[in-house]
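Colleague: This is the content of start.tsv (TSV, C-alpha atoms):
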chain	number	residue	atom	x	y	z
A	1	MET	CA	-46.89	-52.62	-39.34
A	2	SER	CA	-43.35	-51.37	-38.71
A	3	LYS	CA	-40.75	-51.95	-36.05
A	4	VAL	CA	-39.25	-48.93	-34.31
A	5	THR	CA	-35.76	-49.94	-35.45
A	6	ASP	CA	-36.94	-50.07	-39.08
A	7	ILE	CA	-38.57	-46.67	-38.68
A	8	LEU	CA	-35.27	-45.26	-37.39
A	9	LYS	CA	-33.30	-46.82	-40.24
A	10	THR	CA	-35.57	-45.65	-43.03
A	11	ALA	CA	-36.54	-42.19	-41.73
A	12	GLN	CA	-35.48	-39.48	-44.16
A	13	LYS	CA	-35.13	-37.00	-41.30
A	14	PRO	CA	-35.47	-36.94	-37.50
A	15	PHE	CA	-39.01	-37.18	-36.16
A	16	ALA	CA	-41.04	-36.70	-33.00
A	17	SER	CA	-42.66	-39.56	-31.11
A	18	PHE	CA	-44.89	-39.29	-28.08
A	19	GLU	CA	-45.75	-41.05	-24.85
A	20	LEU	CA	-49.23	-41.08	-23.35
A	21	VAL	CA	-50.59	-41.89	-19.92
A	22	PRO	CA	-53.94	-43.73	-20.23
A	23	PRO	CA	-56.97	-42.09	-18.59
A	24	LEU	CA	-58.17	-43.25	-15.21
A	25	LYS	CA	-60.68	-46.07	-15.00
A	26	GLY	CA	-64.20	-44.78	-15.31
A	27	SER	CA	-63.30	-42.20	-17.95
A	28	ASP	CA	-64.89	-42.25	-21.37
A	29	VAL	CA	-62.67	-43.43	-24.24
A	30	SER	CA	-62.98	-39.92	-25.66
A	31	ARG	CA	-60.50	-38.79	-22.99
A	32	LEU	CA	-57.94	-41.08	-24.59
A	33	TYR	CA	-58.71	-39.84	-28.09
A	34	ASP	CA	-58.62	-36.20	-26.96
A	35	SER	CA	-55.00	-36.68	-25.91
A	36	ILE	CA	-54.01	-38.32	-29.21
A	37	ASP	CA	-55.96	-36.24	-31.77
A	38	PRO	CA	-53.80	-33.08	-31.45
A	39	LEU	CA	-50.63	-35.14	-31.99
A	40	MET	CA	-51.79	-36.70	-35.25
A	41	GLN	CA	-51.11	-33.48	-37.18
A	42	PHE	CA	-47.41	-34.36	-36.86
A	43	GLN	CA	-47.90	-37.83	-38.36
A	44	PRO	CA	-45.93	-39.58	-35.61
A	45	PRO	CA	-44.57	-42.96	-36.71
A	46	PHE	CA	-45.35	-44.38	-33.27
A	47	ILE	CA	-46.86	-43.51	-29.91
A	48	ASN	CA	-45.95	-45.15	-26.61
A	49	VAL	CA	-48.60	-46.05	-24.05
A	50	THR	CA	-47.59	-46.37	-20.42
A	51	CYS	CA	-48.60	-49.28	-18.19
A	52	HIS	CA	-49.60	-48.94	-14.54
A	53	ARG	CA	-49.66	-51.74	-12.02
A	54	ASP	CA	-52.52	-52.32	-9.61
A	55	GLU	CA	-52.38	-50.26	-6.44
A	56	VAL	CA	-53.07	-51.25	-2.85
A	57	GLU	CA	-55.44	-49.09	-0.85
A	58	TYR	CA	-56.96	-49.42	2.61
A	59	VAL	CA	-60.67	-48.63	2.49
A	60	PRO	CA	-62.32	-47.59	5.80
A	61	ASN	CA	-65.18	-49.69	7.16
A	62	SER	CA	-68.11	-48.45	9.25
A	63	ASP	CA	-66.65	-50.04	12.39
A	64	GLY	CA	-63.41	-48.10	12.13
A	65	THR	CA	-61.36	-50.92	10.66
A	66	TYR	CA	-59.84	-50.97	7.20
A	67	THR	CA	-60.05	-53.45	4.36
A	68	LYS	CA	-57.03	-53.93	2.14
A	69	MET	CA	-58.00	-53.78	-1.54
A	70	THR	CA	-55.96	-54.15	-4.72
A	71	LEU	CA	-57.32	-51.80	-7.34
A	72	ALA	CA	-56.65	-51.24	-11.04
A	73	LYS	CA	-56.76	-47.48	-11.50
A	74	ARG	CA	-56.63	-47.47	-15.31
A	75	PRO	CA	-57.98	-49.65	-18.13
A	76	SER	CA	-55.77	-52.58	-19.10
A	77	THR	CA	-53.00	-52.21	-21.66
A	78	ILE	CA	-54.87	-54.56	-24.00
A	79	ALA	CA	-58.02	-52.40	-23.82
A	80	ILE	CA	-56.06	-49.19	-24.42
A	81	VAL	CA	-54.17	-50.67	-27.38
A	82	ALA	CA	-57.35	-52.03	-28.95
A	83	ALA	CA	-59.11	-48.66	-28.57
A	84	ILE	CA	-56.23	-46.80	-30.23
A	85	MET	CA	-56.00	-49.34	-33.06
A	86	ARG	CA	-59.72	-48.94	-33.77
A	87	ARG	CA	-59.48	-45.17	-34.21
A	88	TYR	CA	-55.96	-44.83	-35.66
A	89	PRO	CA	-55.29	-47.98	-37.71
A	90	GLN	CA	-52.28	-46.38	-39.41
A	91	LEU	CA	-50.54	-45.56	-36.12
A	92	GLU	CA	-47.85	-47.83	-34.69
A	93	ILE	CA	-48.55	-48.38	-30.99
A	94	VAL	CA	-45.77	-49.22	-28.55
A	95	PRO	CA	-47.22	-50.47	-25.26
A	96	HIS	CA	-45.15	-50.61	-22.10
A	97	VAL	CA	-44.96	-53.99	-20.39
A	98	ILE	CA	-43.76	-54.02	-16.78
A	99	CYS	CA	-42.49	-56.63	-14.35
A	100	GLY	CA	-44.14	-55.09	-11.29
A	101	GLY	CA	-47.31	-56.65	-9.97
A	102	ALA	CA	-47.25	-59.71	-12.20
A	103	SER	CA	-45.96	-63.27	-12.29
A	104	ARG	CA	-43.91	-64.49	-15.25
A	105	SER	CA	-46.89	-66.38	-16.65
A	106	LYS	CA	-49.12	-63.30	-16.42
A	107	VAL	CA	-46.51	-61.21	-18.24
A	108	GLU	CA	-46.21	-63.87	-20.92
A	109	SER	CA	-49.99	-63.95	-21.37
A	110	GLU	CA	-50.06	-60.17	-21.82
A	111	LEU	CA	-47.28	-60.36	-24.41
A	112	LEU	CA	-49.09	-63.09	-26.32
A	113	ASP	CA	-52.32	-61.07	-26.24
A	114	LEU	CA	-50.45	-58.10	-27.71
A	115	HIS	CA	-48.92	-60.34	-30.36
A	116	PHE	CA	-52.43	-61.62	-31.15
A	117	LEU	CA	-53.48	-58.00	-31.74
A	118	GLY	CA	-50.61	-57.55	-34.20
A	119	ILE	CA	-48.37	-55.44	-31.96
A	120	GLN	CA	-44.72	-55.60	-33.02
A	121	ASN	CA	-43.12	-53.14	-30.61
A	122	ILE	CA	-42.75	-53.32	-26.83
A	123	VAL	CA	-41.00	-51.20	-24.22
A	124	ALA	CA	-39.86	-53.58	-21.46
A	125	LEU	CA	-39.64	-52.01	-18.01
A	126	ARG	CA	-39.23	-53.21	-14.46
A	127	GLY	CA	-41.67	-50.65	-13.09
A	128	ASP	CA	-41.58	-48.68	-9.87
A	129	ALA	CA	-42.16	-49.69	-6.29
A	130	ILE	CA	-45.74	-49.26	-5.13
A	131	PRO	CA	-46.54	-46.52	-2.59
A	132	GLY	CA	-45.39	-47.60	0.84
A	133	GLN	CA	-42.48	-49.67	-0.48
A	134	ARG	CA	-39.05	-48.13	-0.35
A	135	PHE	CA	-37.69	-50.38	-3.06
A	136	PHE	CA	-39.14	-52.53	-5.79
A	137	ILE	CA	-40.35	-55.93	-4.60
A	138	PRO	CA	-41.13	-58.52	-7.31
A	139	GLU	CA	-44.20	-60.70	-7.21
A	140	ALA	CA	-43.92	-64.39	-6.41
A	141	ASP	CA	-42.51	-66.02	-9.56
A	142	GLY	CA	-42.09	-62.53	-11.02
A	143	PHE	CA	-39.15	-60.72	-12.53
A	144	SER	CA	-36.76	-58.69	-10.42
A	145	HIS	CA	-35.09	-56.89	-13.34
A	146	SER	CA	-36.18	-55.72	-16.76
A	147	SER	CA	-33.30	-57.69	-18.34
A	148	GLU	CA	-35.20	-60.85	-17.34
A	149	LEU	CA	-38.28	-59.54	-19.11
A	150	VAL	CA	-36.23	-58.78	-22.22
A	151	SER	CA	-34.86	-62.34	-22.12
A	152	MET	CA	-38.42	-63.71	-21.99
A	153	ILE	CA	-39.40	-61.66	-25.03
A	154	SER	CA	-36.31	-62.89	-26.88
A	155	ARG	CA	-37.34	-66.48	-26.13
A	156	LEU	CA	-40.90	-65.81	-27.28
A	157	ASN	CA	-39.44	-64.45	-30.52
A	158	LYS	CA	-37.95	-67.93	-30.96
A	159	GLY	CA	-41.23	-69.66	-30.14
A	160	GLN	CA	-40.10	-70.71	-26.65
A	161	TYR	CA	-43.02	-70.43	-24.22
A	162	LEU	CA	-43.13	-70.85	-20.46
A	163	ASP	CA	-46.01	-73.31	-20.78
A	164	PRO	CA	-44.34	-76.74	-21.13
A	165	THR	CA	-47.38	-78.13	-22.93
A	166	VAL	CA	-46.77	-75.78	-25.88
A	167	LYS	CA	-44.28	-77.76	-27.95
A	168	LYS	CA	-44.25	-75.67	-31.12
A	169	GLY	CA	-45.28	-72.18	-30.13
A	170	LEU	CA	-45.72	-69.62	-32.87
A	171	PRO	CA	-42.76	-67.22	-32.61
A	172	THR	CA	-43.57	-63.62	-31.78
A	173	ASP	CA	-41.81	-60.81	-33.62
A	174	PHE	CA	-41.34	-58.08	-31.05
A	175	CYS	CA	-38.93	-55.19	-31.36
A	176	VAL	CA	-37.89	-54.34	-27.80
A	177	GLY	CA	-37.15	-50.92	-26.38
A	178	VAL	CA	-35.73	-50.33	-22.91
A	179	ALA	CA	-35.29	-47.33	-20.63
A	180	ALA	CA	-32.01	-45.65	-19.72
A	181	TYR	CA	-31.05	-42.92	-17.30
A	182	PRO	CA	-28.43	-40.35	-18.41
A	183	GLU	CA	-28.11	-39.26	-14.77
A	184	LYS	CA	-28.29	-42.91	-13.54
A	185	HIS	CA	-31.16	-44.82	-11.99
A	186	TYR	CA	-31.63	-43.79	-8.39
A	187	GLU	CA	-31.05	-47.35	-7.15
A	188	ALA	CA	-27.75	-47.79	-8.99
A	189	ALA	CA	-24.52	-47.43	-7.03
A	190	ASN	CA	-23.05	-45.20	-9.73
A	191	LEU	CA	-23.45	-44.38	-13.41
A	192	ASN	CA	-20.93	-46.99	-14.57
A	193	THR	CA	-22.81	-49.72	-12.73
A	194	ASP	CA	-26.05	-48.50	-14.23
A	195	ILE	CA	-24.55	-48.61	-17.73
A	196	MET	CA	-23.47	-52.21	-17.15
A	197	HIS	CA	-27.06	-53.05	-16.20
A	198	LEU	CA	-28.19	-51.40	-19.42
A	199	LYS	CA	-25.66	-53.46	-21.36
A	200	GLN	CA	-27.21	-56.60	-19.85
A	201	LYS	CA	-30.57	-55.54	-21.26
A	202	VAL	CA	-29.09	-55.00	-24.70
A	203	GLU	CA	-27.27	-58.33	-24.59
A	204	ALA	CA	-30.55	-59.97	-23.56
A	205	GLY	CA	-32.14	-58.70	-26.78
A	206	ALA	CA	-33.09	-55.01	-26.46
A	207	ASP	CA	-33.16	-53.33	-29.87
A	208	TYR	CA	-33.16	-49.66	-28.91
A	209	ILE	CA	-33.08	-47.34	-25.92
A	210	VAL	CA	-35.26	-44.40	-24.83
A	211	THR	CA	-33.90	-42.13	-22.12
A	212	GLN	CA	-35.54	-40.75	-19.04
A	213	MET	CA	-36.25	-37.03	-19.25
A	214	PHE	CA	-33.31	-34.67	-18.81
A	215	PHE	CA	-32.92	-30.91	-19.01
A	216	ASP	CA	-29.20	-30.61	-19.77
A	217	ASN	CA	-28.25	-31.93	-23.20
A	218	GLU	CA	-24.64	-32.42	-22.16
A	219	GLN	CA	-25.91	-35.23	-19.91
A	220	TYR	CA	-27.33	-37.01	-22.97
A	221	PHE	CA	-24.28	-36.46	-25.20
A	222	ARG	CA	-21.91	-37.67	-22.50
A	223	PHE	CA	-24.14	-40.65	-21.76
A	224	VAL	CA	-24.30	-41.78	-25.40
A	225	ASP	CA	-20.50	-41.51	-25.64
A	226	GLN	CA	-20.15	-43.72	-22.57
A	227	LEU	CA	-22.54	-46.29	-24.02
A	228	ARG	CA	-20.57	-46.47	-27.26
A	229	GLN	CA	-17.33	-46.89	-25.32
A	230	VAL	CA	-18.63	-50.06	-23.64
A	231	GLY	CA	-19.96	-51.53	-26.89
A	232	ILE	CA	-23.64	-50.55	-26.75
A	233	THR	CA	-24.41	-49.69	-30.37
A	234	VAL	CA	-28.24	-49.69	-30.51
A	235	PRO	CA	-30.08	-46.39	-31.18
A	236	VAL	CA	-30.54	-44.09	-28.19
A	237	ILE	CA	-33.62	-41.85	-28.46
A	238	PRO	CA	-33.59	-38.83	-26.11
A	239	GLY	CA	-36.73	-38.36	-24.03
A	240	LEU	CA	-37.91	-34.85	-23.12
A	241	LYS	CA	-40.67	-33.45	-20.93
A	242	PRO	CA	-41.37	-29.72	-20.87
A	243	ILE	CA	-41.60	-28.17	-17.44
A	244	SER	CA	-45.02	-26.60	-17.01
A	245	SER	CA	-44.93	-24.92	-13.59
A	246	GLN	CA	-42.58	-23.46	-10.98
A	247	ARG	CA	-43.53	-26.25	-8.57
A	248	GLN	CA	-41.86	-28.78	-10.84
A	249	ILE	CA	-38.48	-27.33	-9.90
A	250	ASP	CA	-38.95	-29.26	-6.65
A	251	LEU	CA	-41.30	-32.05	-7.74
A	252	LEU	CA	-39.42	-33.46	-10.73
A	253	PRO	CA	-36.08	-34.02	-8.95
A	254	ARG	CA	-37.91	-35.78	-6.11
A	255	SER	CA	-40.04	-37.96	-8.36
A	256	PHE	CA	-37.56	-38.75	-11.13
A	257	HIS	CA	-34.18	-38.18	-9.43
A	258	ILE	CA	-32.95	-35.75	-12.06
A	259	ASP	CA	-31.10	-32.43	-11.96
A	260	ILE	CA	-32.54	-29.19	-13.29
A	261	PRO	CA	-29.83	-26.84	-14.63
A	262	GLN	CA	-29.38	-23.56	-12.80
A	263	PRO	CA	-30.13	-21.41	-15.89
A	264	LEU	CA	-33.55	-23.05	-16.15
A	265	VAL	CA	-34.15	-22.70	-12.40
A	266	SER	CA	-33.23	-19.02	-12.63
A	267	ARG	CA	-35.61	-18.42	-15.53
A	268	LEU	CA	-38.47	-20.17	-13.76
A	269	SER	CA	-37.79	-18.37	-10.49
A	270	GLN	CA	-38.27	-15.05	-12.27
A	271	ALA	CA	-41.64	-16.05	-13.74
A	272	LYS	CA	-44.35	-13.72	-12.45
A	273	THR	CA	-47.35	-15.80	-13.50
A	274	ALA	CA	-48.21	-19.46	-14.06
A	275	ASN	CA	-48.40	-18.78	-17.80
A	276	ASP	CA	-44.91	-17.25	-17.73
A	277	ALA	CA	-43.53	-20.46	-16.20
A	278	TYR	CA	-45.44	-22.54	-18.73
A	279	GLN	CA	-43.95	-20.58	-21.64
A	280	ILE	CA	-40.45	-20.81	-20.18
A	281	GLY	CA	-40.81	-24.59	-20.12
A	282	ILE	CA	-41.83	-24.57	-23.77
A	283	GLU	CA	-38.94	-22.30	-24.77
A	284	TRP	CA	-36.40	-24.45	-22.92
A	285	ALA	CA	-37.68	-27.63	-24.57
A	286	ILE	CA	-37.51	-25.96	-28.00
A	287	GLU	CA	-33.88	-25.00	-27.34
A	288	GLN	CA	-33.11	-28.52	-26.13
A	289	SER	CA	-34.79	-30.13	-29.12
A	290	ARG	CA	-33.01	-27.99	-31.70
A	291	ASP	CA	-29.66	-28.63	-30.07
A	292	LEU	CA	-30.26	-32.39	-29.90
A	293	LEU	CA	-31.18	-32.54	-33.59
A	294	ALA	CA	-28.21	-30.39	-34.55
A	295	HIS	CA	-25.96	-32.93	-32.83
A	296	GLY	CA	-27.43	-35.96	-34.59
A	297	ALA	CA	-30.24	-37.25	-32.38
A	298	PRO	CA	-32.25	-39.70	-34.55
A	299	ALA	CA	-35.60	-38.64	-33.05
A	300	ILE	CA	-37.02	-37.01	-29.95
A	301	HIS	CA	-39.51	-38.75	-27.69
A	302	TYR	CA	-41.83	-36.38	-25.83
A	303	TYR	CA	-43.46	-37.31	-22.53
A	304	THR	CA	-46.90	-35.70	-22.76
A	305	MET	CA	-48.50	-36.97	-19.54
A	306	ALA	CA	-51.78	-36.81	-21.58
A	307	LYS	CA	-51.49	-32.99	-21.79
A	308	THR	CA	-50.44	-32.05	-25.28
A	309	ASP	CA	-50.76	-28.29	-25.76
A	310	ASN	CA	-47.19	-27.45	-24.78
A	311	VAL	CA	-45.77	-30.44	-26.66
A	312	CYS	CA	-47.64	-29.41	-29.80
A	313	GLN	CA	-46.16	-25.91	-29.59
A	314	ILE	CA	-42.68	-27.39	-29.23
A	315	VAL	CA	-42.99	-29.81	-32.14
A	316	LYS	CA	-44.41	-27.09	-34.42
A	317	ALA	CA	-41.39	-24.92	-33.67
A	318	VAL	CA	-38.80	-27.67	-34.08
A	319	PHE	CA	-39.86	-30.12	-36.81
Let me see whether you can do it: turn the structure in this file into structure tokens.
Modeller:
Amino acid sequence: MSKVTDILKTAQKPFASFELVPPLKGSDVSRLYDSIDPLMQFQPPFINVTCHRDEVEYVPNSDGTYTKMTLAKRPSTIAIVAAIMRRYPQLEIVPHVICGGASRSKVESELLDLHFLGIQNIVALRGDAIPGQRFFIPEADGFSHSSELVSMISRLNKGQYLDPTVKKGLPTDFCVGVAAYPEKHYEAANLNTDIMHLKQKVEAGADYIVTQMFFDNEQYFRFVDQLRQVGITVPVIPGLKPISSQRQIDLLPRSFHIDIPQPLVSRLSQAKTANDAYQIGIEWAIEQSRDLLAHGAPAIHYYTMAKTDNVCQIVKAVF
């Protein structure tokens, strides 16, 4: 088993890594494998697996009233990790662990379960607000910020558990990745403030950074320069997602609070068919990837959203 930081240090050349969204609950495990199998031709050193908090829904009753229900829409992180380990024992799995929807003790239990499975790498995230909430609201006795989660993992790595009855806990050995936003997190007052929040995560024990998607490489280059200027020296892996439709010109900025460069908007606006737009997204991501590697990016992390055809075309052209 290898830590992401060790992989970065020892890699002979830049590589591609991938991020998957687990299938919805009720799907066969083959849906999970179908999204991973095409990526294995590239021998990725690791694959990230996203985590999704329970959702609240109001289910209608026969009398016209509604019952509030909390539902898990996807299999648990532990189940997903175990299923991937069974089929791809050589693959390093990097599960996401989030603050949202969980108490501190529940988060600790999940981390210890992952450690029990032999997982060495974690991406620590706060998570998003649930539908209907304007801003993120932590659970009772939960974490408000991902820096608190990183601090917990750092303590676990020293054998310091929340449970006071555990006097000599076995230390974990997690390598911790965190998210960053080259165009700033939408809740941050400004980019400088957001970078200071990121610095808190690194000082709490984060070992490397993966960025949110972006479509203008200058945003990434400028962002990395700013991080170095404030003393953040850990690796910064750029994250890319290929645009796959014209609709995403509007949807992605709303959902992820990112800008789409005018040259890309112009290209997509001229697409005559859905396939034209799909190919434009692939071509733009190829151009982005080649430019990032030419300027020293240590790796590129591709957000697949469980749809891998376009990502496979990009990686074949670039690596």
Colleague: Point out the residue among A:Lys201, A:His185, A:Arg134, A:Lys167 with the least atom-to-atom distance to Ser154 (chain A), counting all atoms listed in the file.
Modeller: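 Looking only at the distances to Ser154 (chain A), the closest residue turns out to be A:Lys201.
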Colleague: Quick one: residues within 8 Å of (-31.0, -29.5, -19.7) (file frame), counting all atoms listed in the file, please, as number ranges by chain.
Modeller: A: 214-219, 260-261, 264, 288
Colleague: Keeping C-alpha atoms, export the residues of the selection given above as a compact mmCIF listing (two decimals), in the frame of the given file.
Modeller:
# COMPACT_ATOMS: atom_id res chain seq x y z
CA PHE A 214 -33.31 -34.67 -18.81
CA PHE A 215 -32.92 -30.91 -19.01
CA ASP A 216 -29.20 -30.61 -19.77
CA ASN A 217 -28.25 -31.93 -23.20
CA GLU A 218 -24.64 -32.42 -22.16
CA GLN A 219 -25.91 -35.23 -19.91
CA ILE A 260 -32.54 -29.19 -13.29
CA PRO A 261 -29.83 -26.84 -14.63
CA LEU A 264 -33.55 -23.05 -16.15
CA GLN A 288 -33.11 -28.52 -26.13
Colleague: Go through A:Tyr278, A:Tyr302, A:Tyr33, A:Phe46 and flag the residue nearest Ile93 (chain A), using all atoms listed in the file for the distances.
Modeller: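 Closest residue, counting all atoms listed in the file: A:Phe46.
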Colleague: I'd like the interatomic distance between CA of Ile232 (chain A) and CA of Phe135 (chain A), to a tenth of an Å.
Modeller: 27.5 Å
Colleague: In Å to one decimal, how far is CA of Leu117 (chain A) from CA of Pro95 (chain A)?
Modeller: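 One can read the CA of Pro95 (chain A) to CA of Leu117 (chain A) distance as 11.7 Å.
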Colleague: Kindly indicate which residue among A:Cys51, A:Ala294, A:Phe174, A:Lys241 lies nearest to Phe18 (chain A), using only C-alpha atoms for the distances.
Modeller: A:Lys241
Colleague: Please provide as a list in words all residues within 12 Å of Asp276 (chain A), with the sequence filter that same-chain residues fewer than 4 positions apart are discarded (counting all atoms listed in the file).
Modeller: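 Result of the neighbour search: Ile243, Ser244, Ser245, Gln246, Arg267, Leu268, Ser269, Gln270, Ala271, Lys272, Ile280, Gly281, Ile282 and Glu283 of chain A.
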Colleague: Restricted to C-alpha atoms, what would the selected residues look like written as a compact mmCIF listing (two decimals), in the frame of the given file?
Modeller:
# COMPACT_ATOMS: atom_id res chain seq x y z
CA ILE A 243 -41.60 -28.17 -17.44
CA SER A 244 -45.02 -26.60 -17.01
CA SER A 245 -44.93 -24.92 -13.59
CA GLN A 246 -42.58 -23.46 -10.98
CA ARG A 267 -35.61 -18.42 -15.53
CA LEU A 268 -38.47 -20.17 -13.76
CA SER A 269 -37.79 -18.37 -10.49
CA GLN A 270 -38.27 -15.05 -12.27
CA ALA A 271 -41.64 -16.05 -13.74
CA LYS A 272 -44.35 -13.72 -12.45
CA ILE A 280 -40.45 -20.81 -20.18
CA GLY A 281 -40.81 -24.59 -20.12
CA ILE A 282 -41.83 -24.57 -23.77
CA GLU A 283 -38.94 -22.30 -24.77
Colleague: Mind checking which residues fall within 6 Å of Glu139 (chain A), counting all atoms listed in the file, ignoring those fewer than 3 positions away in the same chain, and posting them as a list in words?
Modeller: Gly101, Ala102, Ser103 and Gly142 of chain A
Colleague: Since we have the selection now, will you write its residues out, keeping C-alpha atoms, as a PDB file, keeping the file's coordinate frame?
Modeller:
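Contents of again-v4.pdb, as written:
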ATOM      1  CA  GLY A 101     -47.310 -56.650  -9.970  1.00  0.00           C
ATOM      2  CA  ALA A 102     -47.250 -59.710 -12.200  1.00  0.00           C
ATOM      3  CA  SER A 103     -45.960 -63.270 -12.290  1.00  0.00           C
ATOM      4  CA  GLY A 142     -42.090 -62.530 -11.020  1.00  0.00           C
TER       5      GLY A 142
END
Colleague: Please enclose the listed atoms of region 115-119 of chain A in an axis-aligned box, pad each side by 3 Å, and write out the centre and the three edge lengths in Å, rounded to one decimal, as JSON.
Modeller:
{"center_x": -50.9, "center_y": -58.5, "center_z": -32.3, "size_x": 11.1, "size_y": 12.2, "size_z": 9.8}
Colleague: Taking (-36.2, -45.7, -25.0) in the file's coordinates, which residues come within 10 Å, counting all atoms listed in the file, written as a short mmCIF file (atom, residue, chain, number, x, y, z; two decimals) with C-alpha atoms, in the coordinates of the input?
Modeller:
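Writing the result to selection_39.cif gives the following:
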data_model
loop_
_atom_site.label_atom_id
_atom_site.label_comp_id
_atom_site.auth_asym_id
_atom_site.auth_seq_id
_atom_site.Cartn_x
_atom_site.Cartn_y
_atom_site.Cartn_z
CA ASN A 48 -45.95 -45.15 -26.61
CA VAL A 123 -41.00 -51.20 -24.22
CA ALA A 124 -39.86 -53.58 -21.46
CA VAL A 176 -37.89 -54.34 -27.80
CA GLY A 177 -37.15 -50.92 -26.38
CA VAL A 178 -35.73 -50.33 -22.91
CA ALA A 179 -35.29 -47.33 -20.63
CA ALA A 180 -32.01 -45.65 -19.72
CA TYR A 181 -31.05 -42.92 -17.30
CA ALA A 206 -33.09 -55.01 -26.46
CA ASP A 207 -33.16 -53.33 -29.87
CA TYR A 208 -33.16 -49.66 -28.91
CA ILE A 209 -33.08 -47.34 -25.92
CA VAL A 210 -35.26 -44.40 -24.83
CA THR A 211 -33.90 -42.13 -22.12
CA GLN A 212 -35.54 -40.75 -19.04
CA PRO A 235 -30.08 -46.39 -31.18
CA VAL A 236 -30.54 -44.09 -28.19
CA ILE A 237 -33.62 -41.85 -28.46
CA PRO A 238 -33.59 -38.83 -26.11
CA GLY A 239 -36.73 -38.36 -24.03
CA HIS A 301 -39.51 -38.75 -27.69
#
Colleague: Taking into account all atoms listed in the file, which residue in the set A:Phe223, A:Phe42, A:Phe116, A:Tyr88 is nearest to Ile314 (chain A)?
Modeller: A:Phe42
Colleague: Report the distance between CA of Glu19 (chain A) and CA of Ala306 (chain A) in Å, rounded to one decimal place.
Modeller: 8.1 Å
Colleague: Taking all atoms listed in the file into account, name the residue in A:Met196, A:Leu112, A:Ile130, A:Val59 that is nearest to Leu170 (chain A).
Modeller: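 The answer is A:Leu112, which sits nearest to Leu170 (chain A).
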Colleague: Using only C-alpha atoms, which residues sit within 7 Å of Gln120 (chain A) once same-chain residues fewer than 6 positions away are excluded, as a list in words?
Modeller: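 Listing them by chain and then by number gives Lys3, Asp173, Phe174 and Cys175 of chain A.
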Colleague: For Tyr220 (chain A), which residue among A:Ile300, A:Ile80, A:Ala72, A:Ala317 is the nearest when counting all atoms listed in the file?
Modeller: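 Distance minimum relative to Tyr220 (chain A) lands on A:Ile300.
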Colleague: Can you pull out the residues contacting region 143-148 of chain A? Cut-off 8 Å, using only C-alpha atoms, and skip same-chain residues under 5 positions away; I want them as an NGL selection string.
Modeller: :A and (98-100 or 103-104 or 124-126 or 137-138 or 200-201 or 204)
Colleague: Output C-alpha atoms for every residue in that selection, as a PDB file, in the coordinates of the input.
Modeller:
ATOM      1  CA  ILE A  98     -43.760 -54.020 -16.780  1.00  0.00           C
ATOM      2  CA  CYS A  99     -42.490 -56.630 -14.350  1.00  0.00           C
ATOM      3  CA  GLY A 100     -44.140 -55.090 -11.290  1.00  0.00           C
ATOM      4  CA  SER A 103     -45.960 -63.270 -12.290  1.00  0.00           C
ATOM      5  CA  ARG A 104     -43.910 -64.490 -15.250  1.00  0.00           C
ATOM      6  CA  ALA A 124     -39.860 -53.580 -21.460  1.00  0.00           C
ATOM      7  CA  LEU A 125     -39.640 -52.010 -18.010  1.00  0.00           C
ATOM      8  CA  ARG A 126     -39.230 -53.210 -14.460  1.00  0.00           C
ATOM      9  CA  ILE A 137     -40.350 -55.930  -4.600  1.00  0.00           C
ATOM     10  CA  PRO A 138     -41.130 -58.520  -7.310  1.00  0.00           C
ATOM     11  CA  GLN A 200     -27.210 -56.600 -19.850  1.00  0.00           C
ATOM     12  CA  LYS A 201     -30.570 -55.540 -21.260  1.00  0.00           C
ATOM     13  CA  ALA A 204     -30.550 -59.970 -23.560  1.00  0.00           C
TER      14      ALA A 204
END
Colleague: Compile the contact shell of Ser289 (chain A) as a PDB file with C-alpha atoms, in the coordinates of the input: residues with an atom at most 8 Å away, counting only C-alpha atoms, same-chain residues fewer than 3 positions apart removed.
Modeller:
ATOM      1  CA  ALA A 285     -37.680 -27.630 -24.570  1.00  0.00           C
ATOM      2  CA  ILE A 286     -37.510 -25.960 -28.000  1.00  0.00           C
ATOM      3  CA  LEU A 292     -30.260 -32.390 -29.900  1.00  0.00           C
ATOM      4  CA  LEU A 293     -31.180 -32.540 -33.590  1.00  0.00           C
ATOM      5  CA  ILE A 300     -37.020 -37.010 -29.950  1.00  0.00           C
ATOM      6  CA  VAL A 318     -38.800 -27.670 -34.080  1.00  0.00           C
TER       7      VAL A 318
END
